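J.: What follows is the file model.csv, containing CSV, C-alpha atoms and all ligand atoms:
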chain,number,residue,atom,x,y,z
A,1,MET,CA,-23.4,-1.9,10.8
A,2,ALA,CA,-20.1,-0.1,11.0
A,3,LEU,CA,-18.2,-0.8,14.1
A,4,PRO,CA,-17.1,2.1,16.3
A,5,PHE,CA,-13.9,3.7,15.2
A,6,CYS,CA,-11.8,2.5,18.1
A,7,ALA,CA,-13.1,-1.1,18.0
A,8,GLN,CA,-12.5,-1.4,14.3
A,9,ALA,CA,-8.8,-0.7,14.3
A,10,GLU,CA,-5.6,-1.2,16.1
A,11,GLN,CA,-4.5,2.2,15.1
A,12,ARG,CA,-6.7,5.3,15.1
A,13,PHE,CA,-5.6,7.0,11.9
A,14,ALA,CA,-5.6,6.6,8.2
A,15,LEU,CA,-3.7,8.3,5.4
A,16,VAL,CA,-3.8,8.4,1.7
A,17,ILE,CA,-1.5,10.3,-0.7
A,18,HIS,CA,-1.2,10.8,-4.5
A,19,GLY,CA,1.6,12.0,-6.7
A,20,GLY,CA,-0.5,12.7,-9.7
A,21,ALA,CA,-2.5,10.8,-12.4
A,22,GLY,CA,-1.5,10.6,-16.0
A,23,THR,CA,-0.2,8.5,-18.9
A,24,LEU,CA,2.0,6.3,-16.7
A,25,THR,CA,3.2,3.1,-18.5
A,26,ARG,CA,5.7,0.5,-17.5
A,27,GLU,CA,7.6,1.2,-20.7
A,28,ALA,CA,8.0,4.9,-19.9
A,29,ILE,CA,9.4,4.3,-16.4
A,30,THR,CA,12.8,2.6,-15.9
A,31,PRO,CA,13.2,0.2,-13.0
A,32,GLU,CA,15.5,2.7,-11.3
A,33,LEU,CA,12.9,5.5,-11.6
A,34,ASP,CA,10.1,3.3,-10.5
A,35,ALA,CA,12.1,2.4,-7.3
A,36,GLN,CA,12.9,6.1,-6.6
A,37,ILE,CA,9.2,7.1,-7.0
A,38,ARG,CA,8.0,4.3,-4.7
A,39,ALA,CA,10.6,5.3,-2.2
A,40,ALA,CA,9.4,8.9,-2.3
A,41,LEU,CA,5.8,7.8,-1.9
A,42,ASN,CA,6.8,5.7,1.1
A,43,GLN,CA,8.8,8.6,2.6
A,44,SER,CA,5.6,10.8,2.2
A,45,LEU,CA,3.5,8.1,4.0
A,46,ASP,CA,6.2,7.9,6.7
A,47,ALA,CA,6.1,11.6,7.3
A,48,GLY,CA,2.3,11.8,7.6
A,49,ALA,CA,2.1,8.6,9.7
A,50,ALA,CA,4.7,9.8,12.1
A,51,VAL,CA,2.5,12.9,12.9
A,52,LEU,CA,-0.6,10.8,13.2
A,53,ALA,CA,0.9,8.0,15.3
A,54,ASP,CA,2.1,10.6,17.7
A,55,GLY,CA,-1.4,11.9,18.2
A,56,GLY,CA,-0.9,14.8,15.8
A,57,THR,CA,-3.6,16.4,13.7
A,58,SER,CA,-4.7,15.4,10.3
A,59,LEU,CA,-3.8,19.0,9.2
A,60,ASP,CA,-0.2,18.6,10.3
A,61,ALA,CA,-0.1,15.1,8.7
A,62,VAL,CA,-1.3,16.2,5.2
A,63,VAL,CA,1.2,19.1,5.3
A,64,ALA,CA,4.0,16.8,6.3
A,65,SER,CA,3.1,14.3,3.5
A,66,VAL,CA,2.7,16.9,0.8
A,67,LYS,CA,6.0,18.6,1.7
A,68,VAL,CA,7.9,15.4,1.0
A,69,LEU,CA,6.3,15.2,-2.4
A,70,GLU,CA,6.9,18.9,-3.1
A,71,ASP,CA,10.6,18.5,-2.2
A,72,SER,CA,11.0,15.5,-4.5
A,73,PRO,CA,12.0,16.2,-8.1
A,74,HIS,CA,9.8,13.3,-9.3
A,75,PHE,CA,6.4,15.0,-8.9
A,76,ASN,CA,4.8,18.0,-10.5
A,77,ALA,CA,4.7,20.2,-7.4
A,78,GLY,CA,7.4,22.3,-5.7
A,79,LYS,CA,10.8,21.2,-7.0
A,80,GLY,CA,10.1,19.3,-10.3
A,81,ALA,CA,7.1,21.4,-11.3
A,82,VAL,CA,6.2,21.6,-15.0
A,83,PHE,CA,7.1,24.7,-17.0
A,84,THR,CA,4.7,27.2,-18.4
A,85,HIS,CA,4.7,28.2,-22.1
A,86,GLU,CA,7.1,31.0,-21.2
A,87,GLY,CA,9.5,28.7,-19.4
A,88,ARG,CA,8.6,29.5,-15.8
A,89,ASN,CA,7.3,27.4,-12.9
A,90,GLU,CA,4.0,28.7,-11.4
A,91,LEU,CA,2.8,26.8,-8.4
A,92,ASP,CA,-0.7,26.4,-6.8
A,93,ALA,CA,-1.8,24.7,-3.6
A,94,SER,CA,-4.7,24.4,-1.2
A,95,ILE,CA,-5.7,22.9,2.1
A,96,MET,CA,-8.9,22.3,4.0
A,97,ASP,CA,-9.7,21.3,7.6
A,98,GLY,CA,-12.8,19.2,7.6
A,99,ALA,CA,-13.8,19.8,11.2
A,100,THR,CA,-13.9,23.6,11.0
A,101,ARG,CA,-14.4,23.9,7.2
A,102,GLN,CA,-11.5,26.4,7.2
A,103,ALA,CA,-9.5,26.6,4.0
A,104,GLY,CA,-6.5,28.3,2.5
A,105,ALA,CA,-5.3,28.4,-1.1
A,106,VAL,CA,-2.5,30.0,-3.2
A,107,ALA,CA,-1.9,30.3,-7.0
A,108,GLY,CA,0.7,31.5,-9.4
A,109,LEU,CA,3.6,31.3,-6.9
A,110,ARG,CA,7.2,31.6,-8.3
A,111,THR,CA,9.4,31.8,-5.2
A,112,VAL,CA,7.6,29.9,-2.3
A,113,ARG,CA,9.5,26.7,-1.7
A,114,ASN,CA,6.6,24.8,-0.2
A,115,PRO,CA,3.3,26.2,-1.5
A,116,ILE,CA,1.3,24.0,0.9
A,117,ASP,CA,2.9,25.9,3.9
A,118,LEU,CA,1.7,29.2,2.4
A,119,ALA,CA,-1.8,27.8,1.8
A,120,ARG,CA,-2.0,26.8,5.4
A,121,ALA,CA,-0.7,30.2,6.5
A,122,VAL,CA,-3.5,31.8,4.4
A,123,MET,CA,-6.0,29.7,6.2
A,124,GLU,CA,-4.7,30.3,9.7
A,125,LYS,CA,-3.0,33.7,9.6
A,126,SER,CA,-5.1,35.7,7.2
A,127,PRO,CA,-8.8,36.7,7.0
A,128,HIS,CA,-8.9,35.3,3.4
A,129,VAL,CA,-9.1,31.9,1.7
A,130,MET,CA,-7.1,32.5,-1.5
A,131,LEU,CA,-4.1,34.7,-2.4
A,132,ILE,CA,-2.4,34.8,-5.8
A,133,GLY,CA,0.8,35.9,-7.4
A,134,GLU,CA,2.9,38.8,-6.0
A,135,GLY,CA,0.4,39.5,-3.2
A,136,ALA,CA,0.7,35.9,-2.0
A,137,GLU,CA,4.5,36.1,-2.2
A,138,GLN,CA,4.4,39.3,-0.2
A,139,PHE,CA,2.3,37.6,2.4
A,140,ALA,CA,4.8,34.7,2.5
A,141,LYS,CA,7.6,37.2,3.1
A,142,GLU,CA,5.6,38.8,6.0
A,143,ARG,CA,4.9,35.4,7.5
A,144,GLY,CA,8.5,34.2,7.2
A,145,ILE,CA,7.6,31.3,4.9
A,146,ALA,CA,10.7,29.9,3.1
A,147,GLN,CA,11.3,31.5,-0.3
A,148,VAL,CA,13.8,30.4,-3.0
A,149,GLU,CA,15.1,31.7,-6.3
A,150,PRO,CA,12.8,30.6,-9.1
A,151,GLU,CA,15.6,28.4,-10.5
A,152,TYR,CA,15.2,26.1,-7.5
A,153,PHE,CA,12.1,24.5,-9.1
A,154,ARG,CA,13.8,23.7,-12.4
A,155,THR,CA,14.6,20.1,-13.4
A,156,GLU,CA,16.0,19.0,-16.7
A,157,HIS,CA,13.4,16.4,-17.4
A,158,ARG,CA,10.6,19.0,-17.0
A,159,TRP,CA,12.5,21.5,-19.2
A,160,ARG,CA,12.9,18.8,-21.9
A,161,GLN,CA,9.2,18.0,-21.5
A,162,LEU,CA,8.3,21.6,-22.3
A,163,GLN,CA,10.6,21.6,-25.4
A,164,ASP,CA,9.0,18.4,-26.6
A,165,VAL,CA,5.5,19.8,-26.2
A,166,LEU,CA,6.4,23.1,-27.9
A,167,GLU,CA,7.9,21.1,-30.8
A,168,ARG,CA,4.8,18.9,-31.2
A,169,GLU,CA,2.6,22.0,-31.0
A,170,SER,CA,4.5,23.5,-33.9
A,171,THR,CA,3.9,20.3,-35.9
A,172,GLN,CA,0.3,19.9,-34.8
A,173,ALA,CA,1.2,16.5,-33.3
A,174,SER,CA,-0.1,17.3,-29.8
A,175,LEU,CA,0.0,14.7,-27.1
A,176,PRO,CA,-3.1,13.6,-25.2
A,177,PRO,CA,-3.8,15.9,-22.2
A,178,SER,CA,-3.1,13.2,-19.7
A,179,THR,CA,0.5,13.5,-20.7
A,180,TYR,CA,0.5,17.1,-19.5
A,181,PHE,CA,-0.5,16.9,-15.9
A,182,GLY,CA,0.5,15.6,-12.4
A,183,THR,CA,0.0,17.0,-8.9
A,184,VAL,CA,0.4,15.8,-5.3
A,185,GLY,CA,-2.0,15.5,-2.5
A,186,ALA,CA,-2.9,13.9,0.8
A,187,VAL,CA,-6.0,13.2,2.9
A,188,ALA,CA,-5.8,12.1,6.5
A,189,LEU,CA,-8.0,11.1,9.4
A,190,ASP,CA,-6.5,11.6,12.9
A,191,SER,CA,-7.3,10.0,16.3
A,192,ASP,CA,-9.9,12.7,17.0
A,193,ARG,CA,-11.6,11.6,13.8
A,194,ARG,CA,-10.8,14.9,12.0
A,195,LEU,CA,-10.3,14.8,8.3
A,196,ALA,CA,-8.0,17.1,6.3
A,197,ALA,CA,-7.1,17.4,2.7
A,198,ALA,CA,-4.2,19.1,0.9
A,199,THR,CA,-3.2,19.5,-2.8
A,200,SER,CA,-0.2,21.1,-4.5
A,201,THR,CA,0.8,21.3,-8.1
A,202,GLY,CA,2.8,23.0,-10.9
A,203,GLY,CA,-0.3,22.8,-13.0
A,204,MET,CA,-0.3,21.6,-16.6
A,205,VAL,CA,2.8,21.9,-18.8
A,206,ASN,CA,2.8,24.6,-21.4
A,207,LYS,CA,0.1,26.5,-19.5
A,208,ARG,CA,-0.1,30.2,-20.3
A,209,TRP,CA,-2.0,33.5,-19.7
A,210,GLY,CA,-1.9,32.9,-15.9
A,211,ARG,CA,-3.8,29.7,-16.2
A,212,VAL,CA,-4.9,28.2,-12.9
A,213,GLY,CA,-6.3,24.7,-12.6
A,214,ASP,CA,-8.4,22.9,-9.9
A,215,ALA,CA,-5.7,22.2,-7.4
A,216,PRO,CA,-6.0,25.5,-5.5
A,217,ILE,CA,-9.8,25.8,-6.0
A,218,ILE,CA,-11.6,24.7,-2.8
A,219,GLY,CA,-14.4,22.3,-3.9
A,220,ALA,CA,-12.7,21.4,-7.2
A,221,GLY,CA,-9.2,20.0,-6.4
A,222,THR,CA,-9.5,19.9,-2.6
A,223,TYR,CA,-12.4,19.6,-0.1
A,224,ALA,CA,-13.0,18.2,3.4
A,225,ASP,CA,-15.9,18.2,5.8
A,226,THR,CA,-16.7,16.0,8.9
A,227,ASN,CA,-17.4,12.9,6.8
A,228,CYS,CA,-15.3,13.2,3.6
A,229,GLY,CA,-11.9,14.4,2.4
A,230,VAL,CA,-10.8,14.6,-1.2
A,231,SER,CA,-7.7,15.6,-3.2
A,232,ALA,CA,-7.8,15.5,-7.0
A,233,THR,CA,-5.4,15.3,-9.9
A,234,GLY,CA,-6.2,15.5,-13.6
A,235,TRP,CA,-7.3,17.8,-16.3
A,236,GLY,CA,-8.1,20.7,-14.0
A,237,GLU,CA,-10.6,22.5,-16.2
A,238,PHE,CA,-13.0,19.5,-16.0
A,239,PHE,CA,-12.5,19.2,-12.2
A,240,ILE,CA,-13.4,22.9,-11.8
A,241,ARG,CA,-16.4,22.7,-14.1
A,242,LEU,CA,-17.8,19.8,-12.1
A,243,SER,CA,-16.6,20.9,-8.6
A,244,VAL,CA,-15.4,17.3,-8.3
A,245,ALA,CA,-14.0,17.3,-4.7
A,246,TYR,CA,-17.2,19.0,-3.3
A,247,ASP,CA,-19.4,16.8,-5.6
A,248,ILE,CA,-18.0,13.7,-3.9
A,249,CYS,CA,-18.7,15.0,-0.4
A,250,ALA,CA,-22.1,16.3,-1.4
A,251,ARG,CA,-23.1,13.0,-2.9
A,252,MET,CA,-22.4,11.4,0.5
A,253,LYS,CA,-24.1,14.2,2.5
A,254,TYR,CA,-27.2,14.7,0.5
A,255,GLY,CA,-27.5,11.5,-1.5
A,256,GLN,CA,-26.4,9.1,1.2
A,257,GLN,CA,-24.0,7.6,-1.2
A,258,SER,CA,-21.0,5.6,0.1
A,259,LEU,CA,-17.5,7.0,-0.4
A,260,ALA,CA,-16.9,4.4,-3.1
A,261,GLU,CA,-20.1,5.2,-5.0
A,262,ALA,CA,-19.6,9.0,-4.7
A,263,ALA,CA,-15.9,9.0,-5.7
A,264,ASP,CA,-16.4,6.6,-8.6
A,265,ALA,CA,-19.4,8.5,-10.0
A,266,ALA,CA,-17.7,11.8,-9.9
A,267,VAL,CA,-14.4,10.6,-11.5
A,268,MET,CA,-15.3,7.7,-13.6
A,269,THR,CA,-18.7,8.9,-14.9
A,270,GLU,CA,-19.0,12.7,-14.6
A,271,VAL,CA,-15.5,13.7,-15.6
A,272,THR,CA,-15.3,11.0,-18.3
A,273,VAL,CA,-18.6,11.9,-19.8
A,274,LEU,CA,-17.5,15.5,-20.3
A,275,GLY,CA,-14.3,14.3,-22.0
A,276,GLY,CA,-11.8,14.9,-19.1
A,277,ASP,CA,-9.6,12.5,-17.2
A,278,GLY,CA,-7.8,12.2,-13.9
A,279,GLY,CA,-8.3,10.7,-10.4
A,280,VAL,CA,-8.9,11.4,-6.8
A,281,ILE,CA,-7.9,10.1,-3.4
A,282,ALA,CA,-10.9,10.2,-1.0
A,283,MET,CA,-11.5,9.1,2.6
A,284,ASP,CA,-14.5,9.0,4.9
A,285,ALA,CA,-14.7,9.5,8.7
A,286,GLN,CA,-14.4,5.7,9.2
A,287,GLY,CA,-11.1,5.8,7.4
A,288,ALA,CA,-12.4,4.0,4.3
A,289,ILE,CA,-10.2,5.0,1.3
A,290,ARG,CA,-11.1,5.2,-2.4
A,291,MET,CA,-8.7,6.0,-5.2
A,292,PRO,CA,-10.5,5.9,-8.6
A,293,PHE,CA,-8.7,7.2,-11.7
A,294,SER,CA,-9.4,7.1,-15.4
A,295,THR,CA,-5.8,7.4,-16.6
A,296,ARG,CA,-3.2,4.7,-17.2
A,297,GLY,CA,-1.9,5.2,-13.7
A,298,MET,CA,-1.8,7.3,-10.6
A,299,TYR,CA,1.1,7.5,-8.1
A,300,ARG,CA,-0.5,6.6,-4.8
A,301,GLY,CA,0.0,5.3,-1.4
A,302,TRP,CA,-2.2,4.5,1.6
A,303,ILE,CA,-2.2,3.4,5.3
A,304,GLY,CA,-5.6,2.0,6.3
A,305,VAL,CA,-7.1,2.1,9.7
A,306,ASP,CA,-6.4,-1.7,9.8
A,307,GLY,CA,-2.7,-0.9,9.4
A,308,SER,CA,-2.6,-2.1,5.8
A,309,ARG,CA,-0.1,-0.1,3.8
A,310,GLY,CA,1.0,0.1,0.2
A,311,VAL,CA,2.2,2.2,-2.7
A,312,ALA,CA,1.2,1.7,-6.4
A,313,ILE,CA,1.7,3.4,-9.7
A,314,PHE,CA,-0.1,1.5,-12.5
A,315,ALA,CA,-3.8,0.7,-12.9
A,316,ASP,CA,-3.4,-3.0,-12.6
A,317,GLU,CA,-1.5,-3.0,-9.3
A,318,ASP,CA,-2.5,-4.0,-5.8
A,319,ASP,CA,-5.8,-2.2,-5.8
A,320,PRO,CA,-6.9,-3.4,-9.3
A,321,ASP,CA,-9.9,-1.1,-9.4
A,322,GLY,CA,-8.3,1.8,-7.6
A,323,ARG,CA,-10.3,0.8,-4.6
A,324,ILE,CA,-9.4,0.1,-1.0
A,325,ALA,CA,-12.0,-0.6,1.7
A,326,PRO,CA,-11.2,-0.5,5.4
B,1,LIG,N1,-5.2,19.3,-11.8
B,1,LIG,C1,-3.9,20.0,-12.1
B,1,LIG,C2,-4.2,21.1,-12.9
B,1,LIG,O1,-5.0,21.1,-13.8
B,1,LIG,C3,-2.9,19.1,-12.7
B,1,LIG,C4,-2.9,17.7,-12.2
B,1,LIG,O2,-3.5,17.4,-11.3
B,1,LIG,O3,-2.2,16.9,-12.7
B,1,LIG,O4,-3.5,22.1,-12.8
Take the structure from the file and write it as structure tokens.

T.:
Amino acid sequence: MALPFCAQAEQRFALVIHGGAGTLTREAITPELDAQIRAALNQSLDAGAAVLADGGTSLDAVVASVKVLEDSPHFNAGKGAVFTHEGRNELDASIMDGATRQAGAVAGLRTVRNPIDLARAVMEKSPHVMLIGEGAEQFAKERGIAQVEPEYFRTEHRWRQLQDVLERESTQASLPPSTYFGTVGAVALDSDRRLAAATSTGGMVNKRWGRVGDAPIIGAGTYADTNCGVSATGWGEFFIRLSVAYDICARMKYGQQSLAEAADAAVMTEVTVLGGDGGVIAMDAQGAIRMPFSTRGMYRGWIGVDGSRGVAIFADEDDPDGRIAP
């Protein structure tokens, strides 16, 4: 039988973050880059943990963690986002409060510095759940959310990535889709046992026609209720078609599956069977954490209710099966 929350742990919170799944190999990441990425993941954990240790809410914590990753040029969200086919950065984000089931989402942003701030403002300051494009940016202006010139998001390595993809496209030598994505996200449990989840992304490189993936779709890329919180990363079309984030929580709610069973089934079976790939970070109301992914790696970090803490990138590290139990 599970112990009561307070008896189980010295601390009363848990936090899990991701910086995207994809074709991450040791050969492709220099030791310097590896160290920088792990430092950024730790900074993101520190930001969320500081909120939670101070008795703050899981909502504040996931926003704090995600903003660090949005501000880092190493991840495909905020600064460092991938480029569209036309050479622009178009950003999507969403957030959900598990206790109230309130949610906010934004898509197709070009000037909002931290899309997760705007998603939260949509949730808390508008009667809507999802705003897109120019209307969303107008709302950002009215709410005083920080905006920047579109060039702010540009990084040279993402620009080169687009040129590489365009070149391969013209020679029909396309790369596997897992080379094209990346996203950031966080799920937290606070001392009042409230779960929250947040996700932010630049989407998939070379996207066009106003393509929007799963990250800003509540139930696909982000979901939270009183017993389950999920943030996803991967080939968004599959995560939308399978409502992956909601599917995990529904398996727990209606099917009495454990977090581990639910997350593994949704990612490793359902997405894979349809031909997609990616991963999730998921947490239950006891602070159990599960991080299944079907790609070569997923940038990830966690602080368990038992105080255990770590960051990892590759599939064979620390949590060999992408699994952490409390
Ligand atoms: N899921 C995101 C999308 O499809 C990309 C990612 O998570 O890597 O837009």

J.: What gap, in Å, lies between CA of Val106 (chain A) and CA of Ala198 (chain A)?

T.: 11.8 Å

J.: What's the 8 Å shell around region 13-24 of chain A, counting only C-alpha atoms, without same-chain residues fewer than 6 positions away, as a PyMOL selection string?

T.: chain A and resi 41+44-45+48-49+52-53+65-66+69+75-76+178-191+193+233-234+278-279+281-283+287+289+293+295-305+313-314

J.: Of the candidates A:Asp92, A:Asp284, A:Asp46, A:Glu27, which shows the shortest atom-to-atom distance to Leu131 (chain A), using all atoms listed in the file?

T.: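 Of the candidates, the smallest distance to Leu131 (chain A) is held by A:Asp92.
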
J.: If you measure from CA of Ile116 (chain A) to atom C2 of ligand LIG 1 (chain B), what distance in Å do you get, rounded to one decimal?

T.: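 If I compute the distance from CA of Ile116 (chain A) to atom C2 of ligand LIG 1 (chain B), I get 15.1 Å.
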
J.: Compile the contact shell of Met96 (chain A) as a PyMOL selection string: residues with an atom at most 12 Å away, counting all atoms listed in the file, same-chain residues fewer than 6 positions apart removed.

T.: chain A and resi 58-60+62-63+102-105+116+119-124+129-130+185-188+194-199+215-226+228-231+245-246

J.: Need to verify the contact set: Ile145 (chain A), 9 Å, all atoms listed in the file, exclusion of same-chain residues closer than 4 positions in sequence. Can you return it as an MDAnalysis selection string?

T.: chainID A and resid 112:114 117:118 121 139:141

J.: I want to know what sits within 9 Å of Gln161 (chain A), based on all atoms listed in the file, with residues of the same chain fewer than 2 positions away left out; could you give that as a PyMOL selection string?

T.: chain A and resi 82-83+156-159+163-166+180+205

J.: At what distance in Å, to one decimal, does CA of Arg168 (chain A) lie from CA of Glu237 (chain A)?

T.: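 Here the two named atoms are 21.8 Å from each other.
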